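Asks: I am attaching a structure below and will ask some questions about it afterwards.
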Amino acid sequence: MNLSDSQTGAVAPRRVSAMEAVLTHLRGAIERGEYAIGDKLPSEAELCRSLEVSRPVLREALRALQTMGLTVSRTGKGTFVVARAAGEPTFGDYAAGDLMEVRRHIEIPVAGYAALRRTPEDLDHLTHLLERMERETDTTSWVALDTLFHLAVAQAARNPVFRRVIEEIRDALARQSAFLTELGDRREQSNREHRALVEALTDGSEHDAVQAMTHHLDRVESTLTAIVRPAPRPDPDRPGA
């Protein structure tokens, strides 16, 4: 008789999306040298046929490869391999490290100011966004709400310069959020982190708000690192490897 995961105490494996499966396959082929630097990947039509996926799924995977610095897309020519190992992801115009540095220097103090300056209307707006995020199942819609949430925190700090900075990096934030949600299964965890921040803002606790945003950004950074880290190679000495 088979026992359920809840009966055995085992944790059910995370369901891998079609896009993630395609990305893992192509990334592995590049890292193993099946495609050398300078090689052109097969056409989208060929990859869709061989991998048995739709074109939208394939294109998401190809975008992720480019974000990781493994490939570059040349209009009218195709996708070419430019590196054997994933490097620092790039989100729009900004490298991940640069983006995280700015986010820490801006969003952490912003959270503290927001705890001290937020209005009842700010809290209502943030709570409404959070509730929508917790109900949302579509990744694209959730990412849009995530960006609005961070803008709303900046608005609650009552300093227009903070909001202008977040507006400037808004596209990069959305790209980063989509990347982490697709490949790092971050949505539910991020919702919990956002909930902790809203609770701190509601309490008017500068300390708790700063801690909540710090924890949120720590988790973002650690997930990014885990995604980019090379997959462990099979041990040839291990039986069954």
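Scheme for the structure tokens: letters A, B, ... for chains in order shown; per-chain residue numbers from 1; ligand numbers from 1 in order shown.
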Just list the residues in stretch 78-194 of chain A DSSP gives alpha helix (DSSP H) on the backbone, as a PyMOL selection string.

Replies: chain A and resi 96-117+120-135+139-156+160-168+170-184+187-194

Asks: Which residues are near stretch 81-94 of chain A? Cut-off 7 Å, only C-alpha atoms, ignore same chain within fewer than 3 positions. Put them as a list in words.

Replies: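 Answer for this query is Ile30, Glu31, Ala36, Ile37, Gly38, Asp39, Lys40, Thr67, Met68, Gly69, Leu70, Thr71, Val72, Asp98, Leu99, Asp171, Ala172, Arg175, Gln176 and Val228 of chain A.
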
Asks: Filtering to C-alpha atoms, could you give me those residues as a short mmCIF file (atom, residue, chain, number, x, y, z; two decimals), in the first residue's frame?

Replies:
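Below you can see part08.cif, which holds the result:
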data_model
loop_
_atom_site.label_atom_id
_atom_site.label_comp_id
_atom_site.auth_asym_id
_atom_site.auth_seq_id
_atom_site.Cartn_x
_atom_site.Cartn_y
_atom_site.Cartn_z
CA ILE A 30 25.21 24.26 -22.99
CA GLU A 31 27.06 23.54 -19.73
CA ALA A 36 29.93 25.38 -27.94
CA ILE A 37 30.44 29.10 -27.49
CA GLY A 38 29.52 30.71 -30.79
CA ASP A 39 27.15 27.91 -31.79
CA LYS A 40 23.65 28.77 -32.92
CA THR A 67 18.97 36.62 -18.62
CA MET A 68 21.54 34.16 -17.20
CA GLY A 69 24.12 35.35 -19.72
CA LEU A 70 24.37 32.00 -21.51
CA THR A 71 22.99 33.14 -24.87
CA VAL A 72 22.30 36.20 -26.93
CA ASP A 98 23.58 46.46 -9.18
CA LEU A 99 19.82 46.15 -8.83
CA ASP A 171 10.78 47.32 -15.46
CA ALA A 172 13.84 45.64 -13.94
CA ARG A 175 11.68 41.15 -14.88
CA GLN A 176 13.41 40.03 -11.69
CA VAL A 228 22.26 30.62 -11.14
#

Asks: For A:Ser177, find every residue with an atom within 9 Å (counting only C-alpha atoms), except residues of its own chain fewer than 6 positions away, and show them as a VMD selection string.

Replies: chain A and resid 143 146 to 147 186 to 187 220

Asks: Env of A:Leu145: 10 Å cut, atoms = only C-alpha atoms, seq-sep filter 2 positions within chain, self excluded. Answer as a list in words.

Replies: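 After dropping sequence-adjacent residues, the list is Leu129, Leu130, Arg132, Met133, Glu136, Thr139, Thr140, Ser141, Trp142, Val143, Thr147, Leu148, Phe149, His150, Leu151 and Ala174 of chain A.
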
Asks: Using only C-alpha atoms, which of A:Arg170, A:His216, A:Arg27, A:His207 sits nearest A:Ala115?

Replies: A:His207

Asks: Which one of A:Ala196, A:Ala156, A:Ala144, A:Met100 sits closest to A:Glu221 if you count only C-alpha atoms?

Replies: A:Met100

Asks: Just the strand (DSSP E) stuff from stretch 43-218 of chain A, please, per backbone DSSP, written as an NGL selection string.

Replies: :A and (71-74 or 78-81 or 90-91 or 94-95)

Asks: Now that the selection is made, can you save its residues with N, CA and C atoms as a CSV table (one decimal), in the first residue's frame?

Replies:
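Just written: result-v1.csv:
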chain,number,residue,atom,x,y,z
A,71,THR,N,23.3,33.0,-23.4
A,71,THR,CA,23.0,33.1,-24.9
A,71,THR,C,22.7,34.6,-25.2
A,72,VAL,N,22.7,34.9,-26.5
A,72,VAL,CA,22.3,36.2,-26.9
A,72,VAL,C,21.4,36.0,-28.2
A,73,SER,N,20.4,36.8,-28.3
A,73,SER,CA,19.5,36.7,-29.4
A,73,SER,C,19.8,37.8,-30.4
A,74,ARG,N,20.0,37.4,-31.7
A,74,ARG,CA,20.3,38.3,-32.7
A,74,ARG,C,19.1,38.3,-33.7
A,78,GLY,N,18.9,34.4,-35.0
A,78,GLY,CA,18.7,33.3,-34.1
A,78,GLY,C,19.4,33.5,-32.7
A,79,THR,N,19.5,32.5,-31.9
A,79,THR,CA,20.0,32.5,-30.6
A,79,THR,C,21.4,31.8,-30.6
A,80,PHE,N,22.4,32.5,-30.0
A,80,PHE,CA,23.8,32.0,-30.1
A,80,PHE,C,24.3,31.9,-28.6
A,81,VAL,N,25.1,30.8,-28.4
A,81,VAL,CA,25.7,30.6,-27.1
A,81,VAL,C,26.9,31.5,-26.9
A,90,THR,N,20.8,39.5,-15.8
A,90,THR,CA,20.6,40.9,-16.2
A,90,THR,C,19.1,41.1,-16.4
A,91,PHE,N,18.6,42.1,-15.7
A,91,PHE,CA,17.1,42.4,-15.8
A,91,PHE,C,16.9,43.7,-16.5
A,94,TYR,N,19.8,46.5,-16.2
A,94,TYR,CA,20.6,46.4,-14.9
A,94,TYR,C,21.0,45.0,-14.6
A,95,ALA,N,22.3,44.9,-14.2
A,95,ALA,CA,22.7,43.6,-13.7
A,95,ALA,C,22.1,43.3,-12.3

Asks: What's the separation between atom CA of A:Ile106 and atom CA of A:Leu197, in Å to one decimal place?

Replies: 15.3 Å

Asks: In Å, how far is it from atom CA of A:Lys77 to atom CA of A:Leu47?

Replies: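 Calculated distance between atom CA of A:Lys77 and atom CA of A:Leu47 is 15.3 Å.
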
Asks: At what distance in Å, to one decimal, does atom CA of A:Ser43 lie from atom CA of A:Ala29?

Replies: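 Straight-line distance from atom CA of A:Ala29 to atom CA of A:Ser43 works out to 15.4 Å.
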
Asks: Using only C-alpha atoms, which protein or nucleic acid residues come within 8 Å of A:Gln155? Drop anything in the same chain fewer than 5 positions from it, and give the result as a PyMOL selection string.

Replies: chain A and resi 114+122+160+162-163

Asks: For a quick check of understanding, using only C-alpha atoms, which of A:Ala61, A:Leu201, A:Ile169, A:Leu26 has the smallest distance to A:Tyr113?

Replies: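 Of A:Ala61, A:Leu201, A:Ile169, A:Leu26, the one nearest A:Tyr113, counting only C-alpha atoms, is A:Leu201.
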
Asks: Which residue out of A:Leu41, A:Ile166, A:Ala226, A:Ile108 has the minimum interatomic distance to A:Val210 when only C-alpha atoms are used?

Replies: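 Checking each candidate against A:Val210, we get A:Ile108 as the closest.
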